Amino acid sequence: MEEKGSQSLEYFVKREVLDELCLDEVAQKGTWSTKPTLGDQVKDSLRCSVPRLKHILLTWIPVLSWLPRYSIRENALGDLISGCSVGIMHLPQGMAYALLASLRPVYGLYTSLFPVLVYFIFGTSRHISIGTFAVISIMVGSVTERLAPDSNFIVNGTNGTETVDIDTRDAYRVQVACALTVLAGLFQILLGVVRFGFVVTYLSEPLIRGYTTGSACHVCVSQLKYLFGVSPSRFTGPLSLVYTVLEICSLLPQTQVPELVVSLVALAVLIVVKEINDCYRQKLPLPIPIELIVVIAATVITHFCDLPSKYNIDVVGEIPSGLKAPSAPDTTFFSSVIGDAFAVAIVGFAINISLGKTFGLKYGYKVDSNQELVAVGLSNTIGGFFHCYCVTSSLSRSLVQESTGGKTQVAGVISSIIVLITVLKIGPLFEDLPKAVLSTIVFVNLKGMFKQFMDVPLLWKTNKVDLLVWLVTFISTVVLNLDMGLAVAIAFSMLTFIFRTQLPRYSILGNLPGTELYLDTDTYKEVKEIPGIKIFRSSATIYYTNAEMFLDTLQEKSGIEIGKLLSAKKKRDAKQKRKQEKEKKKTKKEAKKQESQMNIENISERTKGERNGTSVAFSMTETATDGLHKGQVNLAYQPDITMSDSDSDAGYDHITEFSGHGDEAKEQACDSGTHSIILDISTTSFVDTVTVKTLKNVYVCLLRCNFFLKDVKEKTKVRFVLFSQIFRDFGQVDLDICLAGCQACVVEQLEAADFFSASIPKTRLFITVHDAVLYILKKRGKADFVLVGHHEYSSHF
């Protein structure tokens with residue numbers, strides 16, 4: 001009943017028709033500016049005071065704003081439980097994801113320690129868990145393997161065989177990873193300082209999800225060698241994923257059965273228990289830490305059953321206890337990894353801010369994108385000095401941190417303490433952990449990313465352009481590689497944006513009977529066009545890429561071919577000019593003919609005068625000749641004028657007879673002819689110089705056509721057949737051009753561009769389409785009523 005009542009609400013508004021000048025007067029548009037000048041902004045930025053210093057510190061170091069107000073009673077228990085749960089997850093995931101980065105597992109533990117502490121100080125999200133992540137790890141691994149392949153570290157063995165110097169290779173890869181991490185962090189800090197956090201908005205959600213899904217395929221393939229216990233060759237560049245899969249398939253006969261059994265058992269246990277965690281999430285106080293349980297169980301079984309020596313199972317190996325001293329990265333790698341560092345910086349921040357804003361929206365707090373850039377950048381930069389590689393937030397750990405009661409980043413500090421204890425005391429106990437078990441942990445944690453394939457049917461139903469972005473991103477990431485795939489995805493996404501604005505939908509609007517609403521005539525059946533008025537609208541902002549199409553479509557939909565009319569006008573002017581030149585030559589020729597006749601008469605008179613001995617006639621003839629050269633009226637031209645009138649009448653009769661065959665079409669065109677055009681530019685949010693020129697050209701060209709048609713109607717005697725066609729189409733049209741729905745900011749831009757002038761007055765700019773329609777109808781003498789369909793409504797002026 002309530003919904004039905006709301007639909008029956010009505011309103012009535014009576015006001016004057018408002019153009020832009022009237023609106024400025026009625027609404028009292030101000031000329032003042034509340035925005036400080038550039039000089040004031042510079043002075044304010046250089047002004048130093050205690051409140052300003054406090055504001056700067058609280059902005060750049062957010063922990064100072066919330067930690068003093070930390071409520072132990074409300075938050076301590078939840079953060080403690082959450083921190084322990086996330087810390088337990090950090091241990092197996094850190095070691096597993098380090099393998100993706102082609103580093104030793106201990107560096108994954110370092111990465112789960114130092115960057116988390118840095119983010120605790122500078123981050124603005126309360127729920128995300130910073131640390132290792134599969135996509136970023138595989139991106140780092142592609143760089144370390146490219147710059148430090150096994151082939152560069154082959155040495156001769158004791159028996160003359162070639163072996164890989166693993167220690168030297170791993171140390172070199174750590175240097176590459178640290179250099180990449182520091183450079184990526186510097187990029188993020190720089191973008192955050194210059195307030196470029198909005199840059200990530202150009203990475204749409206379909207692009208991010210398609211990219212992470214494609215990256216998950218790379219992660220999955222990279223872990224197959226541990227599952228099957230084979231050693232495939234390394235491939236780089238486009239189609240490297242395909243080549244790797246084919247290589248692994250060819251090596252399947254060499255599969256290490258013990259490692260495959262360990263992998264399958266661990267995989268089965270992880271999948272079953274994780275499904276239990278998902279099904280009984282609401283009933284379990286804490287999720288079962290199955291990853292840590294599997295790691296501990298596999299390590300114990302491997303150690304006491306001596307599986308490495310009996311079945312040649314590949315294990316983690318030496319894990320040094322304690323922390324390494326910080327060291328500066330090798331800057332000589334910067335030139336080799338600059339492109340990869342920028343890609344890692346953008347992707348890492350995009351994942352981080354999307355997850356952070358999700359939690360911020362859910363719990364009602366603000367996540368500052370610029371400060372997040374600085375926080376993640378500092379986490380990477382400082383972490384790079386402590387032998388960490390690139391970090392971002394992890395979806396699985398963040399969900400656990402949120403679901404177990406975590407409310408602040410104190411949970412991250414507690415998880416770091418757990419990782420620190422492991423690194424200092426417990427780390428060496430995991431030396432017998434099979435790498436196959438770590439690979440199964442990676443596999444299981446890819447479940448969320450592979451579930452993103454469900455985006456395809458959803459996007460097919462909702463938005464096919466976003467589906468195309470998703471598919472192109474996924475395919476380019478899988479086929480080309482992570483870095484090239486990201487570049488192609490961004491370029492394609494920008495192209496779709498450009499095409500959407502360059503190819504908008506153009507509409508002719510009609511009135512919904514009994515209302516002031518004007519809707520697309522192709523979409524709504526009940527709307528009717530107002531006779532003689534074409535209301536044209538573009539669905540996108542008019543700017544330089546679509547300005548020409550806007551003008552072409554306007555001519556097509558309005559039925560007014562400006563070029564044709566102007567061409568006809570030029571032809572008419574040219575023909576008139578030729579006629580004038582022809583008449584001028586004819587006049588000159590007649591003058592010469594008369595002069596020659598008079599010369600003959602003068603000669604005869606002179607001869608006669610000589611015979612008569614008088615000079616009077618000579619004087620009179622000389623005077624007459626001088627008068628002719630001074631431009632007096634040539635009476636000899638009068639007969640030609642009469643003939644010209646006769647010719648003109650004959651020509652007009654001929655034209656009338658010719659065009660009489662199309663009288664029916666002519667009358668039909670006159671009845672439905674367009675006499676006014678309204679440009680609805682309410683969707684335009686800005687204008688550039690091309691837009692201003694286009695609007696001027698539309699107005700001026702139609703104005704010229706207007707004058708041209710008026711001039712044609714006043715000419716009742718037409719000399720050439722071309723105008724019969726123009727009369728048939730536009731003979732009774734007086735063109736009026738109005739703009740409607742222009743936003744205040746666009747009006748200011750038009751004024752700054754000198755758009756308005758005596759020929760384009762500001763009074764032709766109306767606040768709504770309906771105002772423009774009423775103005776035109778009043779001008780046309782139809783102010784008393786407007787017929788729209790079968791409805792009639794009054795218009796007051």
# chains A, B, ... in the order shown; residues from 1 in each chain; ligands from 1
call {"tool": "closest_atom_pairs", "arguments": {"of": "segment 302-407 of chain A", "to": "segment 448-458 of chain A", "cutoff": "12 Å", "atoms": "only C-alpha atoms", "output": "JSON lines"}}
result
{"residue": "A:Ser394", "atom": "CA", "partner": "A:Gly448", "partner_atom": "CA", "distance": 11.1}
{"residue": "A:Leu395", "atom": "CA", "partner": "A:Gly448", "partner_atom": "CA", "distance": 8.5}
{"residue": "A:Ser396", "atom": "CA", "partner": "A:Gly448", "partner_atom": "CA", "distance": 8.3}
{"residue": "A:Leu399", "atom": "CA", "partner": "A:Gly448", "partner_atom": "CA", "distance": 11.6}
call {"tool": "residues_around", "arguments": {"residues": "Glu516 of chain A", "least_positions_apart": "6", "cutoff": "10 Å", "atoms": "only C-alpha atoms", "output": "ChimeraX atom specification"}}
result
/A:768-771,773,793
call {"tool": "closest_residue", "arguments": {"among": "A:Leu765, A:Leu373, A:Leu186, A:Cys217", "to": "Lys447 of chain A", "atoms": "only C-alpha atoms"}}
result
A:Cys217
call {"tool": "residues_around", "arguments": {"residues": "segment 496-498 of chain A", "least_positions_apart": "6", "cutoff": "9 Å", "atoms": "only C-alpha atoms", "output": "MDAnalysis selection string"}}
result
chainID A and resid 465:466 469 545
call {"tool": "closest_residue", "arguments": {"among": "A:Ile271, A:Cys742, A:Cys390, A:Val472", "to": "Phe133 of chain A", "atoms": "only C-alpha atoms"}}
result
A:Cys390
call {"tool": "select_by_dssp", "arguments": {"residues": "segment 421-592 of chain A", "states": "strand (DSSP E)", "output": "mmCIF file with N, CA, C and O atoms, in the first residue's frame"}}
result
data_model
loop_
_atom_site.group_PDB
_atom_site.id
_atom_site.type_symbol
_atom_site.label_atom_id
_atom_site.label_comp_id
_atom_site.auth_asym_id
_atom_site.auth_seq_id
_atom_site.Cartn_x
_atom_site.Cartn_y
_atom_site.Cartn_z
ATOM 1 N N TYR A 506 23.803 8.236 -29.356
ATOM 2 C CA TYR A 506 23.149 9.499 -29.692
ATOM 3 C C TYR A 506 21.644 9.258 -29.818
ATOM 4 O O TYR A 506 21.227 8.258 -30.393
ATOM 5 N N SER A 507 20.866 10.198 -29.289
ATOM 6 C CA SER A 507 19.424 9.996 -29.222
ATOM 7 C C SER A 507 18.683 11.249 -29.661
ATOM 8 O O SER A 507 19.151 12.375 -29.451
ATOM 9 N N ILE A 508 17.532 11.012 -30.261
ATOM 10 C CA ILE A 508 16.547 12.058 -30.489
ATOM 11 C C ILE A 508 15.496 11.919 -29.398
ATOM 12 O O ILE A 508 14.915 10.843 -29.216
ATOM 13 N N LEU A 509 15.258 12.989 -28.668
ATOM 14 C CA LEU A 509 14.367 12.932 -27.521
ATOM 15 C C LEU A 509 12.962 13.386 -27.906
ATOM 16 O O LEU A 509 12.777 14.244 -28.780
ATOM 17 N N GLY A 510 11.988 12.786 -27.235
ATOM 18 C CA GLY A 510 10.599 13.182 -27.385
ATOM 19 C C GLY A 510 9.970 13.394 -26.029
ATOM 20 O O GLY A 510 10.520 12.989 -24.993
ATOM 21 N N ASN A 511 8.814 14.044 -26.041
ATOM 22 C CA ASN A 511 8.140 14.378 -24.793
ATOM 23 C C ASN A 511 7.220 13.247 -24.343
ATOM 24 O O ASN A 511 6.510 12.655 -25.152
ATOM 25 N N TYR A 518 11.703 14.386 -21.182
ATOM 26 C CA TYR A 518 12.081 14.154 -22.572
ATOM 27 C C TYR A 518 12.991 12.933 -22.612
ATOM 28 O O TYR A 518 14.073 12.937 -22.006
ATOM 29 N N LEU A 519 12.524 11.894 -23.311
ATOM 30 C CA LEU A 519 13.194 10.598 -23.295
ATOM 31 C C LEU A 519 13.541 10.169 -24.710
ATOM 32 O O LEU A 519 13.058 10.750 -25.697
ATOM 33 N N ASP A 520 14.351 9.133 -24.794
ATOM 34 C CA ASP A 520 14.797 8.609 -26.083
ATOM 35 C C ASP A 520 13.617 7.996 -26.830
ATOM 36 O O ASP A 520 12.920 7.113 -26.316
ATOM 37 N N ILE A 533 10.665 20.359 -33.898
ATOM 38 C CA ILE A 533 11.767 20.528 -32.946
ATOM 39 C C ILE A 533 12.526 19.215 -32.831
ATOM 40 O O ILE A 533 11.941 18.178 -32.513
ATOM 41 N N LYS A 534 13.809 19.263 -33.085
ATOM 42 C CA LYS A 534 14.681 18.101 -32.914
ATOM 43 C C LYS A 534 15.516 18.311 -31.656
ATOM 44 O O LYS A 534 16.272 19.287 -31.558
ATOM 45 N N ILE A 535 15.352 17.410 -30.689
ATOM 46 C CA ILE A 535 16.103 17.468 -29.432
ATOM 47 C C ILE A 535 17.151 16.369 -29.481
ATOM 48 O O ILE A 535 16.815 15.182 -29.496
ATOM 49 N N PHE A 536 18.409 16.758 -29.502
ATOM 50 C CA PHE A 536 19.523 15.826 -29.736
ATOM 51 C C PHE A 536 20.375 15.739 -28.479
ATOM 52 O O PHE A 536 20.709 16.753 -27.867
ATOM 53 N N ARG A 537 20.717 14.496 -28.102
ATOM 54 C CA ARG A 537 21.512 14.288 -26.897
ATOM 55 C C ARG A 537 22.564 13.221 -27.130
ATOM 56 O O ARG A 537 22.308 12.212 -27.804
ATOM 57 N N SER A 538 23.741 13.445 -26.551
ATOM 58 C CA SER A 538 24.818 12.449 -26.548
ATOM 59 C C SER A 538 24.938 11.864 -25.152
ATOM 60 O O SER A 538 24.769 12.569 -24.148
#
call {"tool": "residues_around", "arguments": {"residues": "Ile441 of chain A", "least_positions_apart": "2", "cutoff": "10 Å", "atoms": "only C-alpha atoms", "output": "ChimeraX atom specification"}}
result
/A:92-93,95-97,263,266-267,270-271,290-292,294-295,435-439,443-446
call {"tool": "atom_distance", "arguments": {"atom1": "atom CA of Ala740 of chain A", "atom2": "atom CA of Asp522 of chain A"}}
result
20.5 Å
call {"tool": "residues_around", "arguments": {"residues": "Ser379 of chain A", "least_positions_apart": "5", "cutoff": "7 Å", "atoms": "only C-alpha atoms", "output": "PyMOL selection string"}}
result
chain A and resi 115+118-119
call {"tool": "closest_atom_pairs", "arguments": {"of": "segment 345-448 of chain A", "to": "segment 303-310 of chain A", "cutoff": "9 Å", "atoms": "only C-alpha atoms", "output": "Markdown table"}}
result
| residue | atom | partner | partner_atom | distance |
| --- | --- | --- | --- | --- |
| A:Glu431 | CA | A:His303 | CA | 8.9 |
| A:Asp432 | CA | A:His303 | CA | 5.8 |
| A:Leu433 | CA | A:His303 | CA | 8.1 |
| A:Pro434 | CA | A:Pro308 | CA | 8.6 |
